[in-house]
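Colleague: Enclosed is the structure file query.txt (compact mmCIF, C-alpha atoms and all ligand atoms).
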```
# COMPACT_ATOMS: atom_id res chain seq x y z
CA MET A 1 0.00 0.00 0.00
CA LEU A 2 1.47 3.35 -1.02
CA ASP A 3 0.57 6.55 0.83
CA SER A 4 2.56 9.08 -1.10
CA GLU A 5 4.52 9.72 -4.27
CA GLU A 6 7.69 9.96 -2.15
CA ASP A 7 7.24 6.35 -1.03
CA LEU A 8 6.99 5.19 -4.60
CA ARG A 9 10.02 7.21 -5.63
CA ALA A 10 12.04 5.77 -2.75
CA ILE A 11 11.13 2.24 -3.85
CA LEU A 12 11.97 2.95 -7.48
CA HIS A 13 15.40 4.17 -6.41
CA SER A 14 16.07 1.21 -4.12
CA SER A 15 17.71 -2.03 -5.20
CA ALA A 16 14.41 -3.96 -5.05
CA VAL A 17 14.02 -6.39 -7.94
CA ASP A 18 10.22 -6.77 -7.72
CA ILE A 19 7.57 -4.80 -5.92
CA LEU A 20 3.90 -5.60 -5.51
CA VAL A 21 1.64 -2.59 -5.13
CA SER A 22 -2.06 -2.82 -4.39
CA ARG A 23 -3.89 -0.28 -6.54
CA GLN A 24 -7.04 -0.64 -4.48
CA LYS A 25 -5.38 -0.04 -1.13
CA SER A 26 -2.99 2.72 -2.22
CA ARG A 27 -3.93 6.35 -1.68
CA ILE A 28 -2.18 7.57 -4.82
CA ASP A 29 -2.75 6.75 -8.49
CA VAL A 30 -0.03 4.12 -8.91
CA THR A 31 -0.72 3.38 -12.58
CA ALA A 32 -0.34 6.98 -13.69
CA LEU A 33 2.85 7.39 -11.67
CA LEU A 34 4.42 4.24 -13.05
CA GLN A 35 3.71 5.35 -16.58
CA ARG A 36 5.87 8.40 -15.90
CA ALA A 37 8.59 6.24 -14.30
CA PRO A 38 12.16 6.08 -15.70
CA PRO A 39 12.84 3.90 -18.81
CA ARG A 40 14.09 1.05 -16.61
CA TYR A 41 10.44 0.49 -15.74
CA ALA A 42 9.15 0.84 -19.27
CA LYS A 43 8.02 -2.79 -19.12
CA LEU A 44 5.25 -1.71 -16.80
CA ALA A 45 3.74 0.47 -19.48
CA SER A 46 4.60 -1.61 -22.53
CA VAL A 47 2.05 -2.74 -25.09
CA ASP A 48 1.55 -6.41 -25.99
CA LYS A 49 3.16 -7.43 -29.27
CA SER A 50 1.10 -10.53 -30.10
CA SER A 51 -2.47 -10.46 -31.30
CA PRO A 52 -5.27 -12.38 -29.55
CA THR A 53 -5.52 -14.69 -32.59
CA GLU A 54 -1.87 -15.72 -32.28
CA THR A 55 -2.31 -16.49 -28.61
CA ASP A 56 -5.52 -18.32 -29.41
CA GLU A 57 -3.81 -20.46 -32.02
CA ALA A 58 -0.87 -21.23 -29.75
CA LEU A 59 -3.31 -22.44 -27.09
CA ASP A 60 -5.27 -24.56 -29.53
CA ASP A 61 -1.98 -26.15 -30.62
CA ALA A 62 -1.08 -26.79 -27.02
CA ILE A 63 -4.45 -28.44 -26.36
CA ILE A 64 -4.21 -30.67 -29.43
CA THR A 65 -0.69 -31.87 -28.62
CA MET A 66 -1.61 -32.34 -24.97
CA ARG A 67 -4.57 -34.52 -25.92
CA GLN A 68 -2.35 -36.56 -28.24
CA GLY A 69 0.29 -36.91 -25.54
CA LEU A 70 -2.28 -38.17 -23.06
CA ALA A 71 -4.29 -40.29 -25.49
CA GLY A 72 -2.68 -43.56 -24.46
CA MET A 73 -2.73 -42.71 -20.77
CA VAL A 74 -5.29 -45.26 -19.64
CA SER A 75 -3.90 -48.09 -21.73
CA GLY A 76 -0.44 -47.38 -20.42
CA LYS A 77 1.56 -44.85 -22.40
CA LEU A 78 2.31 -41.14 -22.09
CA ASP A 79 3.81 -39.56 -25.19
CA MET A 80 6.39 -37.31 -23.55
CA GLU A 81 7.38 -35.82 -26.91
CA GLN A 82 3.88 -34.44 -27.43
CA ILE A 83 3.63 -33.33 -23.83
CA ALA A 84 6.89 -31.41 -24.19
CA GLN A 85 5.57 -29.80 -27.38
CA SER A 86 2.40 -28.75 -25.66
CA ALA A 87 4.38 -27.19 -22.79
CA ALA A 88 6.60 -25.39 -25.31
CA SER A 89 3.62 -23.81 -27.13
CA ALA A 90 2.22 -22.66 -23.80
CA ARG A 91 5.57 -21.20 -22.82
CA ARG A 92 5.94 -19.29 -26.09
CA ALA A 93 2.45 -17.85 -25.72
CA VAL A 94 3.20 -16.55 -22.21
CA GLU A 95 6.56 -15.15 -23.28
CA ALA A 96 5.07 -13.27 -26.23
CA ALA A 97 2.29 -11.59 -24.25
CA PRO A 98 1.61 -12.54 -20.64
CA ASP A 99 -1.45 -10.29 -20.32
CA LEU A 100 -3.06 -11.60 -23.49
CA PHE A 101 -2.33 -15.16 -22.45
CA MET A 102 -4.24 -14.55 -19.23
CA GLN A 103 -7.18 -12.96 -21.02
CA VAL A 104 -7.48 -15.74 -23.57
CA THR A 105 -7.11 -18.60 -21.08
CA ARG A 106 -9.67 -16.96 -18.78
CA LEU A 107 -12.26 -16.84 -21.55
CA LYS A 108 -11.82 -20.44 -22.54
CA THR A 109 -11.51 -22.11 -19.17
CA LYS A 110 -15.22 -22.71 -18.91
CA ASP A 111 -15.54 -25.23 -21.72
CA LYS A 112 -12.07 -26.73 -21.89
CA GLY A 113 -11.67 -27.42 -18.19
CA THR A 114 -8.71 -29.39 -16.96
CA TYR A 115 -6.82 -29.33 -20.27
CA LEU A 116 -6.69 -25.59 -20.45
CA HIS A 117 -5.97 -25.26 -16.76
CA SER A 118 -2.95 -27.53 -17.16
CA ILE A 119 -1.73 -25.65 -20.21
CA SER A 120 -2.14 -22.31 -18.51
CA VAL A 121 -0.27 -23.53 -15.42
CA ALA A 122 2.46 -25.08 -17.59
CA GLY A 123 3.07 -21.89 -19.56
CA LEU A 124 3.21 -19.76 -16.44
CA MET A 125 5.44 -22.24 -14.59
CA ALA A 126 7.95 -22.32 -17.45
CA GLN A 127 7.99 -18.53 -17.60
CA MET A 128 8.64 -18.39 -13.85
CA ALA A 129 11.51 -20.85 -14.26
CA VAL A 130 12.96 -18.49 -16.89
CA LEU A 131 12.63 -15.53 -14.51
CA LEU A 132 14.43 -17.55 -11.83
CA GLU A 133 17.22 -18.16 -14.37
CA PHE A 134 16.95 -21.94 -14.31
CA ASP A 135 18.80 -23.68 -17.13
CA GLU A 136 16.92 -24.55 -20.33
CA ASP A 137 16.49 -28.27 -19.54
CA LEU A 138 15.00 -27.49 -16.17
CA VAL A 139 12.67 -24.86 -17.67
CA ASP A 140 11.39 -27.52 -20.10
CA GLU A 141 11.00 -30.12 -17.40
CA ILE A 142 9.04 -27.68 -15.24
CA GLY A 143 6.77 -26.97 -18.22
CA ARG A 144 6.10 -30.70 -18.68
CA ALA A 145 5.40 -30.99 -14.96
CA GLY A 146 2.79 -28.24 -15.37
CA ILE A 147 1.06 -30.13 -18.18
CA LEU A 148 0.98 -33.30 -16.07
CA HIS A 149 0.29 -31.91 -12.58
CA ASP A 150 -3.46 -32.60 -12.64
CA LEU A 151 -3.25 -35.87 -14.58
CA GLY A 152 -5.08 -37.60 -11.71
CA LYS A 153 -8.13 -35.43 -12.40
CA LEU A 154 -8.51 -36.98 -15.83
CA LEU A 155 -8.96 -40.33 -14.08
CA ILE A 156 -11.82 -39.05 -11.91
CA PRO A 157 -15.39 -39.15 -13.36
CA ASN A 158 -16.48 -35.84 -14.93
CA ALA A 159 -19.80 -36.01 -13.09
CA ILE A 160 -17.90 -35.42 -9.86
CA LEU A 161 -15.27 -33.03 -11.22
CA ASN A 162 -17.84 -30.71 -12.80
CA LYS A 163 -20.61 -31.11 -10.25
CA PRO A 164 -22.09 -27.64 -9.83
CA GLY A 165 -23.52 -27.95 -6.33
CA LYS A 166 -21.95 -28.78 -2.99
CA LEU A 167 -19.86 -31.95 -2.84
CA ASN A 168 -20.54 -34.60 -0.23
CA ALA A 169 -17.72 -36.04 1.87
CA THR A 170 -17.07 -39.00 -0.45
CA GLU A 171 -16.97 -36.81 -3.56
CA MET A 172 -14.65 -34.39 -1.81
CA ARG A 173 -12.36 -37.24 -0.83
CA MET A 174 -12.29 -38.45 -4.43
CA ILE A 175 -11.35 -35.04 -5.76
CA ARG A 176 -8.70 -34.59 -3.12
CA SER A 177 -7.21 -37.94 -4.12
CA HIS A 178 -6.22 -36.65 -7.58
CA PRO A 179 -2.58 -35.82 -6.72
CA GLU A 180 -2.00 -39.33 -5.36
CA ILE A 181 -3.91 -40.98 -8.22
CA GLY A 182 -1.88 -39.08 -10.84
CA TYR A 183 1.36 -39.82 -9.03
CA ARG A 184 0.68 -43.56 -8.75
CA HIS A 185 -0.47 -43.78 -12.34
CA MET A 186 2.68 -42.11 -13.69
CA LYS A 187 4.90 -44.12 -11.39
CA LYS A 188 3.31 -47.29 -12.75
CA LEU A 189 3.77 -46.15 -16.36
CA GLY A 190 7.45 -45.47 -15.66
CA GLY A 191 9.86 -43.13 -17.44
CA VAL A 192 8.62 -40.02 -15.61
CA SER A 193 11.19 -37.92 -13.73
CA ASN A 194 11.12 -37.43 -9.97
CA LEU A 195 10.53 -33.71 -10.43
CA ILE A 196 7.36 -34.37 -12.43
CA LEU A 197 6.21 -37.02 -9.96
CA ASP A 198 6.80 -34.63 -7.03
CA VAL A 199 4.94 -31.76 -8.69
CA CYS A 200 1.98 -34.04 -9.41
CA ARG A 201 1.82 -35.55 -5.94
CA LEU A 202 2.63 -32.47 -3.87
CA HIS A 203 1.06 -29.48 -5.64
CA HIS A 204 -1.71 -29.24 -3.01
CA GLU A 205 0.71 -29.13 -0.08
CA ALA A 206 0.98 -25.83 1.84
CA LEU A 207 4.07 -24.30 3.49
CA ASP A 208 2.53 -24.52 6.99
CA GLY A 209 1.75 -28.23 6.66
CA SER A 210 -2.01 -27.76 6.23
CA GLY A 211 -2.06 -29.15 2.67
CA TYR A 212 -2.63 -32.65 1.31
CA PRO A 213 -1.97 -35.55 0.72
CA LEU A 214 1.08 -35.74 3.00
CA GLY A 215 0.85 -32.54 5.09
CA LEU A 216 4.49 -31.66 4.33
CA LYS A 217 6.12 -28.54 5.78
CA ALA A 218 7.95 -25.75 3.90
CA GLU A 219 11.44 -27.28 4.13
CA GLN A 220 10.15 -30.51 2.57
CA ILE A 221 8.58 -28.75 -0.42
CA ASN A 222 10.94 -27.96 -3.29
CA THR A 223 10.85 -24.93 -5.57
CA ALA A 224 9.29 -26.71 -8.58
CA VAL A 225 6.38 -27.86 -6.41
CA ARG A 226 6.00 -24.39 -4.86
CA ILE A 227 5.86 -22.81 -8.32
CA CYS A 228 3.11 -25.22 -9.31
CA THR A 229 1.10 -24.53 -6.15
CA VAL A 230 1.28 -20.79 -6.71
CA PHE A 231 0.09 -20.97 -10.34
CA ASP A 232 -2.47 -23.68 -9.67
CA VAL A 233 -4.22 -21.39 -7.19
CA PHE A 234 -3.61 -18.24 -9.23
CA ASP A 235 -5.16 -19.86 -12.30
CA ALA A 236 -8.16 -21.10 -10.30
CA LEU A 237 -8.76 -17.69 -8.71
CA THR A 238 -8.55 -15.80 -11.98
CA SER A 239 -10.81 -18.25 -13.86
CA VAL A 240 -14.58 -18.37 -13.97
CA ARG A 241 -16.04 -21.27 -12.01
CA SER A 242 -19.62 -22.43 -11.69
CA TYR A 243 -19.65 -21.02 -8.15
CA LYS A 244 -17.68 -17.80 -8.61
CA LYS A 245 -16.69 -14.96 -10.91
CA ALA A 246 -13.13 -14.58 -12.18
CA TRP A 247 -10.90 -12.46 -9.95
CA SER A 248 -8.61 -9.88 -11.49
CA THR A 249 -4.86 -10.51 -11.49
CA ALA A 250 -4.43 -7.81 -8.85
CA GLU A 251 -7.11 -9.30 -6.58
CA ALA A 252 -5.62 -12.77 -6.83
CA LEU A 253 -2.09 -11.46 -6.18
CA THR A 254 -3.16 -9.46 -3.14
CA TRP A 255 -5.06 -12.41 -1.68
CA MET A 256 -2.13 -14.76 -2.16
CA TYR A 257 0.45 -12.28 -0.91
CA ASP A 258 -1.52 -12.02 2.33
CA LYS A 259 -1.12 -15.79 2.90
CA PRO A 260 2.61 -16.40 3.41
CA ASN A 261 1.67 -19.44 5.52
CA LEU A 262 0.43 -21.13 2.34
CA PHE A 263 2.37 -19.66 -0.58
CA ASP A 264 6.00 -18.74 -1.17
CA ARG A 265 5.99 -14.94 -1.06
CA LYS A 266 9.05 -14.56 -3.25
CA LEU A 267 7.25 -16.49 -5.98
CA VAL A 268 4.05 -14.48 -5.55
CA LEU A 269 6.08 -11.29 -6.02
CA ARG A 270 7.75 -12.70 -9.11
CA LEU A 271 4.34 -13.70 -10.42
CA GLY A 272 3.24 -10.09 -10.05
CA SER A 273 6.24 -8.93 -12.06
CA MET A 274 5.04 -11.06 -15.00
CA PHE A 275 2.05 -8.79 -15.56
CA ARG A 276 1.73 -5.08 -15.94
FE FE B 301 -4.66 -30.19 -8.59
```
How does the structure come out when it is put into structure tokens?
Ligand SMILES: [Fe+2]
Modeller:
Amino acid sequence: MLDSEEDLRAILHSSAVDILVSRQKSRIDVTALLQRAPPRYAKLASVDKSSPTETDEALDDAIITMRQGLAGMVSGKLDMEQIAQSAASARRAVEAAPDLFMQVTRLKTKDKGTYLHSISVAGLMAQMAVLLEFDEDLVDEIGRAGILHDLGKLLIPNAILNKPGKLNATEMRMIRSHPEIGYRHMKKLGGVSNLILDVCRLHHEALDGSGYPLGLKAEQINTAVRICTVFDVFDALTSVRSYKKAWSTAEALTWMYDKPNLFDRKLVLRLGSMFR
């Protein structure tokens, strides 16, 4: 929350890499001030280069290759080549225009469900890995982990997954079993890296130990898993669901930033720096 222009100027002249400012809570017009900020901050006021159609096409590509990669899932084969391709299309779409990517994925989430959620999370995770300066191979692996993180959901009946009303205890238990189901399924198929298995099994863990399935604490949760958790929730908050409207990026960021017991704050800040 910023009270005065002086505060903002002091921050801009500090060595801070990322800052997260709440426009709603601040008492000054942050957007206008940032537009007048020095060139170093030009990114904040830049205009997207890609068109919505390009982003749209990249996402359609990603969905098609993801479906192909997962086609043999039940009979016992994941096509990792296709999965990697799908993650790469998602990554390119985020890189080209993060804001557009968000807009387009938000619009489509309603009818394409889990597929689009996974693609959205994969693209954002890979972009975060780039920001954290991970090497290329790791960036790609993190993207594939994003595509596969909710694999267990595809093995749960749609009637339960998309049920509009309140879930009973059994249904809730089934939905909450998806990380373990996905993990066991991939483990059985073989040829899936430990990082991908961890991300799938642990992406609903929370830093304070209140998550599931294992109730792990912060020190037991690695960065790849933390990145997935952050974007999994961010994507859910900013998407339309049968029971809620889509939150804005700023609302989702503020909500998550206020919960350091659940989410890695450094990652939430970095997430904020991905959007204007
Ligand atoms: Fe999940």
Colleague: Rounded to one decimal in Å, what is the spacing between CA of Gly211 in chain A and CA of Pro98 in chain A?
Modeller: 28.9 Å
Colleague: If the limit is 9 Å from any atom of ligand FE 301 (chain B), counting all atoms listed in the file, which residues qualify? Return them as a ChimeraX atom specification.
Modeller: /A:149-153,175-176,178-179,200-204,229,232-233
Colleague: Report, in Å to a single decimal, how far apart CA of Glu180 in chain A and CA of Thr114 in chain A are.
Modeller: 16.7 Å
Colleague: Between A:Leu59, A:Ala250, A:Val268, A:Met73, which is the closest to Gln24 in chain A once you count only C-alpha atoms?
Modeller: A:Ala250
Colleague: Would you please work out which residue, of A:Ala96, A:Val121, A:Met66, A:Ala32, is nearest to Ser239 in chain A when using all atoms listed in the file?
Modeller: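 Of A:Ala96, A:Val121, A:Met66, A:Ala32, the one nearest Ser239 in chain A is A:Val121, counting all atoms listed in the file.
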Colleague: Given the point (-18.6, -32.7, -4.9) in the coordinates of this file, which residues lie within 12 Å, counting only C-alpha atoms, and how would they look as a PyMOL selection string?
Modeller: chain A and resi 156-176
Colleague: Between A:Val94, A:Ala218, A:Met102, A:Met1, which is the closest to Ala246 in chain A once you count all atoms listed in the file?
Modeller: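 Ranking A:Val94, A:Ala218, A:Met102, A:Met1 by distance to Ala246 in chain A, first place goes to A:Met102.
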Colleague: State, in Å with one decimal place, the distance from CA of Phe231 in chain A to CA of Asp29 in chain A.
Modeller: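 Atom-to-atom, CA of Phe231 in chain A to CA of Asp29 in chain A, that is 27.9 Å.
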Colleague: Using only C-alpha atoms, find all polymer residues with an atom at most 12 Å away from the point (-3.8, -37.8, -18.7); report them as a PyMOL selection string.
Modeller: chain A and resi 65-80+83+114-115+118+147-156+178+181-183+185-186+189+200
Colleague: Choose the residue, out of A:Ala93, A:Glu5, A:Asp60, A:Ser14, that has the smallest atom-to-atom separation from Leu34 in chain A; count all atoms listed in the file.
Modeller: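 Nearest to Leu34 in chain A: A:Glu5.
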Colleague: Name the closest residue to Glu81 in chain A among the candidates A:Asp198, A:Asp264, A:Asp258, A:Glu141; distances are taken between atoms, counting all atoms listed in the file.
Modeller: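 Among the listed residues, the smallest separation from Glu81 in chain A belongs to A:Glu141.
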Colleague: Ranking A:Ser4, A:Asp235, A:Ala10, A:Ile119 by minimum distance to Ser26 in chain A and counting all atoms listed in the file, which one comes first?
Modeller: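 Closest residue, counting all atoms listed in the file: A:Ser4.
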Colleague: Axis-aligned box over every listed atom of range 159-173 of chain A, padded by 8 Å per side: centre and edges in Å to one decimal, as AutoDock Vina command-line options?
Modeller:
```
--center_x -17.9 --center_y -33.3 --center_z -5.6 --size_x 27.2 --size_y 27.4 --size_z 31.0
```
Colleague: As number ranges by chain, please: the residues near Ala224 in chain A (cut-off 12 Å, only C-alpha atoms, same-chain neighbours under 4 positions excluded).
Modeller: A: 122, 125-126, 128-129, 132, 134, 138-146, 149, 194-203, 220, 228-231, 264, 267
